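Undergrad: Quick one: the structure is below, and I'll ask about it shortly.
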Number of protein chains: 2
Amino acid sequence: MNRDHSLDDTLITAEERNAVYKTIYGRRDIRSLFKSDLIPQEVLARILQAAHHAGSVGYMQPWNFILVDDPEIKQRTKEAFLKERGEAALLFEGERQEKYLSYKLEGILESPVNLLITSDPTRFGPQVIGRHSMPETHLYSTCCAIQNLWLAARAENIGVGWVSIFKREDLYEIFNIPRKIAIVAYLCLGYVTHFPDKPDLERAGWGKRLPLKELVYFNQWGGAPSENWQGFHLLLREPSEP
Amino acid sequence: MNRDHSLDDTLITAEERNAVYKTIYGRRDIRSLFKSDLIPQEVLARILQAAHHAGSVGYMQPWNFILVDDPEIKQRTKEAFLKERGEAALLFEGERQEKYLSYKLEGILESPVNLLITSDPTRFGPQVIGRHSMPETHLYSTCCAIQNLWLAARAENIGVGWVSIFKREDLYEIFNIPRKIAIVAYLCLGYVTHFPDKPDLERAGWGKRLPLKELVYFNQWGGAPSENWQGFHLLLREPSEP
């Protein structure tokens, strides 16, 4: 009976559930809509705390957060981005290259705060529960923390943009990060003029969201639904589809 | 003016924000509290759709979801876990080993549905925006999708447990997964008797949550707060701390 009582205490209501879905569907990768307004420190603290409350393999909490607001450091980071973007552009050809170079892919200088997020594979020593067979799981935990942060920020009406167009080497140097530490993400955070209703790369015609039903298999790779799951594919349509 | 109007449309209210935090703080890694009740298919579809709406590097959406409910496949997976747990136990000594073996670390058979989640590094070909410099970012995107899924499940009052005590080799074989595909996570999903207020490994005395203030640096690795951020560490206390 106690147990049922406990469940009642922690039950998420239908209204609360809808708020979570609204936040998940309203989250965007923001690059070009940042406003310069400062983020209040208590809001930033809430967002970081939400990240810190992600689960982690063997409870190792491998993450660190480097808050970046020094204009000189941001400038060096921006230059590292520009250099790398130039190199990456060479991989695309013709119209695709022109498009690539026309996209705004970061908001390093415009956003008031950047966050570099790392993962320490050595935290709590070599014997961490669940990491023996899959040592890279510490990175996965850190990414779960990042998604918590992203959704908490969205719930605070703050935009987040993840910039991955860097040579890691440059980031190690700019931020004096020891080589044993993995650099996972470089994020730009700030209030925004608005949250677009679709991802930038979809609005720009670069890509489309894949139909979810093509990504779901049953009991093995490529496996078709068994009898029990015949109607399931119909339920996997986009929330906006009829 | 249009822009401000757009922001209003997508604004998350204080009430909705609290629901998001409640879900983030109430999320647990569930291993031992599963009930056998089936998850309605429309609920499972909502949870998968939430995962599919994570951001992804270059919009590549590298994930696939293998739904597992075949008792024979679950049994083989459970055996792969038991074999690997036995090996991993040898890494711990004395009391720590006893403790490790006493922990319930998965709910493969008890939970009605398992989910194996993979990431395809080749989706949309080699030229994906943002992956040139950090090719493993497709894995990070898939982990963001997993955290979306975890939180959506929590918002549906469904528990999720991530099992990482496997030899990947065994999972490739059991699920006939091509070698070019990365196996990221094996999850157990089901309704639960209740959601504990703290992580299992904390309640069991295995580990403690680290003080967040020790994990936050400023402008470089190990960097102390600048003048602007002097009071920030005080804001980084646990939500439950006074």
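Chain lettering (A, B, ...) mirrors the order of the structure tokens, residue numbering begins at 1 for each chain separately, and ligand numbering begins at 1 in order of display.
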Apply DSSP to the backbone of this structure and, from stretch 86-131 of chain B, keep only the residues in alpha helix (DSSP H); write these as a ChimeraX atom specification.
TA: /B:86-89,94-102
Undergrad: For those residues, write N, CA, C and O atoms to a file as a PDB file, in the first residue's frame.
TA:
ATOM      1  N   GLY B  86      28.850 -11.396 -14.608  1.00  0.00           N
ATOM      2  CA  GLY B  86      29.790 -12.274 -13.916  1.00  0.00           C
ATOM      3  C   GLY B  86      31.229 -11.846 -14.172  1.00  0.00           C
ATOM      4  O   GLY B  86      32.055 -11.791 -13.257  1.00  0.00           O
ATOM      5  N   GLU B  87      31.525 -11.503 -15.414  1.00  0.00           N
ATOM      6  CA  GLU B  87      32.887 -11.066 -15.740  1.00  0.00           C
ATOM      7  C   GLU B  87      33.217  -9.738 -15.079  1.00  0.00           C
ATOM      8  O   GLU B  87      34.315  -9.540 -14.563  1.00  0.00           O
ATOM      9  N   ALA B  88      32.242  -8.818 -15.135  1.00  0.00           N
ATOM     10  CA  ALA B  88      32.493  -7.473 -14.587  1.00  0.00           C
ATOM     11  C   ALA B  88      32.693  -7.536 -13.075  1.00  0.00           C
ATOM     12  O   ALA B  88      33.463  -6.753 -12.507  1.00  0.00           O
ATOM     13  N   ALA B  89      32.030  -8.493 -12.416  1.00  0.00           N
ATOM     14  CA  ALA B  89      32.130  -8.590 -10.953  1.00  0.00           C
ATOM     15  C   ALA B  89      33.568  -8.839 -10.516  1.00  0.00           C
ATOM     16  O   ALA B  89      33.987  -8.411  -9.433  1.00  0.00           O
ATOM     17  N   GLY B  94      36.239  -7.810  -2.603  1.00  0.00           N
ATOM     18  CA  GLY B  94      35.681  -7.854  -1.245  1.00  0.00           C
ATOM     19  C   GLY B  94      34.249  -7.369  -1.161  1.00  0.00           C
ATOM     20  O   GLY B  94      33.382  -7.800  -1.927  1.00  0.00           O
ATOM     21  N   GLU B  95      34.031  -6.440  -0.250  1.00  0.00           N
ATOM     22  CA  GLU B  95      32.687  -5.946   0.042  1.00  0.00           C
ATOM     23  C   GLU B  95      32.061  -5.287  -1.189  1.00  0.00           C
ATOM     24  O   GLU B  95      30.865  -5.411  -1.433  1.00  0.00           O
ATOM     25  N   ARG B  96      32.903  -4.577  -1.958  1.00  0.00           N
ATOM     26  CA  ARG B  96      32.442  -3.874  -3.152  1.00  0.00           C
ATOM     27  C   ARG B  96      31.908  -4.894  -4.177  1.00  0.00           C
ATOM     28  O   ARG B  96      30.921  -4.649  -4.861  1.00  0.00           O
ATOM     29  N   GLN B  97      32.576  -6.046  -4.269  1.00  0.00           N
ATOM     30  CA  GLN B  97      32.124  -7.096  -5.189  1.00  0.00           C
ATOM     31  C   GLN B  97      30.795  -7.699  -4.721  1.00  0.00           C
ATOM     32  O   GLN B  97      29.881  -7.903  -5.514  1.00  0.00           O
ATOM     33  N   GLU B  98      30.703  -7.954  -3.436  1.00  0.00           N
ATOM     34  CA  GLU B  98      29.453  -8.486  -2.871  1.00  0.00           C
ATOM     35  C   GLU B  98      28.288  -7.542  -3.154  1.00  0.00           C
ATOM     36  O   GLU B  98      27.211  -7.957  -3.562  1.00  0.00           O
ATOM     37  N   LYS B  99      28.551  -6.260  -2.870  1.00  0.00           N
ATOM     38  CA  LYS B  99      27.533  -5.249  -3.122  1.00  0.00           C
ATOM     39  C   LYS B  99      27.113  -5.269  -4.589  1.00  0.00           C
ATOM     40  O   LYS B  99      25.939  -5.295  -4.917  1.00  0.00           O
ATOM     41  N   TYR B 100      28.121  -5.232  -5.470  1.00  0.00           N
ATOM     42  CA  TYR B 100      27.851  -5.203  -6.910  1.00  0.00           C
ATOM     43  C   TYR B 100      26.924  -6.342  -7.304  1.00  0.00           C
ATOM     44  O   TYR B 100      25.936  -6.152  -8.009  1.00  0.00           O
ATOM     45  N   LEU B 101      27.254  -7.545  -6.819  1.00  0.00           N
ATOM     46  CA  LEU B 101      26.465  -8.714  -7.207  1.00  0.00           C
ATOM     47  C   LEU B 101      25.078  -8.708  -6.566  1.00  0.00           C
ATOM     48  O   LEU B 101      24.160  -9.361  -7.056  1.00  0.00           O
ATOM     49  N   SER B 102      24.920  -7.960  -5.492  1.00  0.00           N
ATOM     50  CA  SER B 102      23.609  -7.911  -4.834  1.00  0.00           C
ATOM     51  C   SER B 102      22.678  -6.910  -5.513  1.00  0.00           C
ATOM     52  O   SER B 102      21.477  -6.936  -5.306  1.00  0.00           O
TER      53      SER B 102
END
Undergrad: Can you list every residue of stretch 91-138 of chain A that has an atom at most 12 Å from stretch 173-178 of chain A, with its nearest atom pair and the distance in Å to one decimal, using only C-alpha atoms, ordered by chain then number, as CSV?
TA:
residue,atom,partner,partner_atom,distance
A:Leu115,CA,A:Phe175,CA,11.3
A:Leu116,CA,A:Phe175,CA,9.0
A:Ile117,CA,A:Ile177,CA,11.0
A:Thr118,CA,A:Ile177,CA,9.1
A:Ser119,CA,A:Ile177,CA,11.0
A:Asp120,CA,A:Pro178,CA,9.8
A:Pro121,CA,A:Pro178,CA,11.9
A:Thr122,CA,A:Pro178,CA,11.9
Undergrad: Dump C-alpha atoms for the selected residues as a tab-separated table (two decimals), in the first residue's frame?
TA:
chain	number	residue	atom	x	y	z
A	115	LEU	CA	29.12	26.58	-22.38
A	116	LEU	CA	31.79	24.04	-23.10
A	117	ILE	CA	30.85	20.63	-21.76
A	118	THR	CA	33.39	17.89	-21.12
A	119	SER	CA	33.37	14.31	-19.89
A	120	ASP	CA	36.02	12.81	-17.61
A	121	PRO	CA	36.50	9.09	-18.29
A	122	THR	CA	38.64	8.69	-15.17
Undergrad: DSSP says strand (DSSP E or B) for which residues of stretch 61-179 of chain A? Put them as a list in words?
TA: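 Filtering stretch 61-179 of chain A down to strand (DSSP E or B) leaves Trp63, Asn64, Phe65, Ile66, Leu67, Val68, Val113, Asn114, Leu115, Leu116, Ile117, Thr118, Ser119, Ile158, Gly159, Val160, Gly161, Trp162 and Val163 of chain A.
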Undergrad: Those same residues, written as a tab-separated table (two decimals), in the first residue's frame with C-alpha atoms?
TA:
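out-v1.tsv, written as the output of this step:
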chain	number	residue	atom	x	y	z
A	63	TRP	CA	30.59	16.11	-16.76
A	64	ASN	CA	32.14	19.53	-16.27
A	65	PHE	CA	30.73	22.84	-17.46
A	66	ILE	CA	32.97	25.71	-18.54
A	67	LEU	CA	30.98	28.95	-18.60
A	68	VAL	CA	32.35	31.26	-21.26
A	113	VAL	CA	26.95	32.89	-22.52
A	114	ASN	CA	28.66	29.92	-24.11
A	115	LEU	CA	29.12	26.58	-22.38
A	116	LEU	CA	31.79	24.04	-23.10
A	117	ILE	CA	30.85	20.63	-21.76
A	118	THR	CA	33.39	17.89	-21.12
A	119	SER	CA	33.37	14.31	-19.89
A	158	ILE	CA	16.20	30.35	-23.59
A	159	GLY	CA	17.65	29.16	-26.87
A	160	VAL	CA	20.60	26.78	-27.15
A	161	GLY	CA	22.76	26.12	-30.20
A	162	TRP	CA	25.24	23.26	-30.39
A	163	VAL	CA	28.34	24.09	-32.44
Undergrad: List as a list in words the protein and nucleic acid residues near B:Ala45, meaning an atom at most 7 Å away when only C-alpha atoms are counted, but skip any in the same chain fewer than 3 places from it.
TA: Leu235 and Leu236 of chain A; Gln41, Glu42, Leu48 and Gln49 of chain B
Undergrad: Export, as a PDB file, in the first residue's frame, the selected residues with all heavy atoms.
TA:
ATOM      1  N   LEU A 235       0.283   4.601 -35.751  1.00  0.00           N
ATOM      2  CA  LEU A 235       0.375   5.504 -34.598  1.00  0.00           C
ATOM      3  C   LEU A 235       1.654   6.327 -34.635  1.00  0.00           C
ATOM      4  O   LEU A 235       1.813   7.270 -33.862  1.00  0.00           O
ATOM      5  CB  LEU A 235       0.338   4.698 -33.294  1.00  0.00           C
ATOM      6  CG  LEU A 235      -0.924   3.886 -33.030  1.00  0.00           C
ATOM      7  CD1 LEU A 235      -0.720   2.977 -31.820  1.00  0.00           C
ATOM      8  CD2 LEU A 235      -2.104   4.819 -32.771  1.00  0.00           C
ATOM      9  N   LEU A 236       2.586   5.972 -35.518  1.00  0.00           N
ATOM     10  CA  LEU A 236       3.886   6.628 -35.537  1.00  0.00           C
ATOM     11  C   LEU A 236       3.945   7.828 -36.477  1.00  0.00           C
ATOM     12  O   LEU A 236       5.010   8.323 -36.791  1.00  0.00           O
ATOM     13  CB  LEU A 236       4.989   5.624 -35.910  1.00  0.00           C
ATOM     14  CG  LEU A 236       5.219   4.503 -34.889  1.00  0.00           C
ATOM     15  CD1 LEU A 236       6.289   3.539 -35.392  1.00  0.00           C
ATOM     16  CD2 LEU A 236       5.614   5.069 -33.530  1.00  0.00           C
TER      17      LEU A 236
ATOM     18  N   GLN B  41      -0.170   1.003 -26.903  1.00  0.00           N
ATOM     19  CA  GLN B  41       0.658   1.299 -28.073  1.00  0.00           C
ATOM     20  C   GLN B  41       0.692   2.785 -28.393  1.00  0.00           C
ATOM     21  O   GLN B  41       1.707   3.294 -28.863  1.00  0.00           O
ATOM     22  CB  GLN B  41       0.173   0.475 -29.268  1.00  0.00           C
ATOM     23  CG  GLN B  41       0.387  -1.013 -29.025  1.00  0.00           C
ATOM     24  CD  GLN B  41       0.254  -1.873 -30.263  1.00  0.00           C
ATOM     25  OE1 GLN B  41      -0.059  -1.382 -31.340  1.00  0.00           O
ATOM     26  NE2 GLN B  41       0.486  -3.167 -30.117  1.00  0.00           N
ATOM     27  N   GLU B  42      -0.400   3.496 -28.130  1.00  0.00           N
ATOM     28  CA  GLU B  42      -0.368   4.934 -28.438  1.00  0.00           C
ATOM     29  C   GLU B  42       0.566   5.685 -27.485  1.00  0.00           C
ATOM     30  O   GLU B  42       1.155   6.696 -27.867  1.00  0.00           O
ATOM     31  CB  GLU B  42      -1.777   5.557 -28.462  1.00  0.00           C
ATOM     32  CG  GLU B  42      -2.577   5.450 -27.186  1.00  0.00           C
ATOM     33  CD  GLU B  42      -3.417   4.171 -27.140  1.00  0.00           C
ATOM     34  OE1 GLU B  42      -3.052   3.171 -27.798  1.00  0.00           O
ATOM     35  OE2 GLU B  42      -4.441   4.164 -26.415  1.00  0.00           O
ATOM     36  N   LEU B  48       8.238   7.339 -28.478  1.00  0.00           N
ATOM     37  CA  LEU B  48       9.185   7.213 -29.605  1.00  0.00           C
ATOM     38  C   LEU B  48       9.205   8.497 -30.435  1.00  0.00           C
ATOM     39  O   LEU B  48      10.257   8.930 -30.914  1.00  0.00           O
ATOM     40  CB  LEU B  48       8.807   6.015 -30.484  1.00  0.00           C
ATOM     41  CG  LEU B  48       9.064   4.643 -29.855  1.00  0.00           C
ATOM     42  CD1 LEU B  48       8.423   3.534 -30.701  1.00  0.00           C
ATOM     43  CD2 LEU B  48      10.564   4.375 -29.708  1.00  0.00           C
ATOM     44  N   GLN B  49       8.057   9.091 -30.625  1.00  0.00           N
ATOM     45  CA  GLN B  49       7.991  10.331 -31.404  1.00  0.00           C
ATOM     46  C   GLN B  49       8.779  11.440 -30.698  1.00  0.00           C
ATOM     47  O   GLN B  49       9.467  12.238 -31.355  1.00  0.00           O
ATOM     48  CB  GLN B  49       6.509  10.740 -31.559  1.00  0.00           C
ATOM     49  CG  GLN B  49       6.220  11.730 -32.664  1.00  0.00           C
ATOM     50  CD  GLN B  49       6.527  11.215 -34.056  1.00  0.00           C
ATOM     51  OE1 GLN B  49       7.561  11.555 -34.629  1.00  0.00           O
ATOM     52  NE2 GLN B  49       5.648  10.376 -34.605  1.00  0.00           N
TER      53      GLN B  49
END
Undergrad: Using only C-alpha atoms, tabulate the residues of stretch 15-61 of chain B lying at most 9 Å from any atom of stretch 140-151 of chain A, each with its closest atom pair and that distance in Å to one decimal, by chain and increasing residue number, as a tab-separated table.
TA:
residue	atom	partner	partner_atom	distance
B:Val20	CA	A:Leu151	CA	7.9
B:Ile24	CA	A:Asn148	CA	7.1
B:Ala54	CA	A:Gln147	CA	8.5
Undergrad: Find the distance between atom CA of B:Pro112 and atom CA of B:Leu38 and write it in Å to one decimal.
TA: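 We find that atom CA of B:Pro112 and atom CA of B:Leu38 lie 5.9 Å from each other.
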Undergrad: Identify which of the residues A:Phe166, A:Tyr25, A:Tyr103, A:Tyr59 lies closest to B:Ile47, counting only C-alpha atoms when measuring atom-to-atom distances.
TA: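 Looking only at the distances to B:Ile47, the closest residue turns out to be A:Tyr25.
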Undergrad: Could you please determine the separation between atom CA of B:Leu91 and atom CA of B:Tyr186 in Å, to one decimal place?
TA: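 Distance between the two atoms: 22.3 Å.
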Undergrad: For chain B, which of A:Val128, A:Leu82, A:Ile12, A:Ile30 is the closest residue, counting only C-alpha atoms?
TA: A:Ile12
Undergrad: Pick out the closest residue to A:Leu90 from this set: B:Ile129, B:Leu33, B:Ile108, B:Ala19. Count only C-alpha atoms.
TA: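 Among the listed residues, the smallest separation from A:Leu90 belongs to B:Ile129.
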Undergrad: Take atom CA of B:His52 and atom CA of A:Gly205 and report the distance between them in Å, one decimal.
TA: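 That distance, rounded to one decimal, is 18.9 Å.
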Undergrad: Would you please work out which residue, of B:Leu171, B:Ala50, B:Lys104, B:Ala204, is nearest to chain A when using only C-alpha atoms?
TA: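 For chain A, the nearest of the candidates is B:Ala50.
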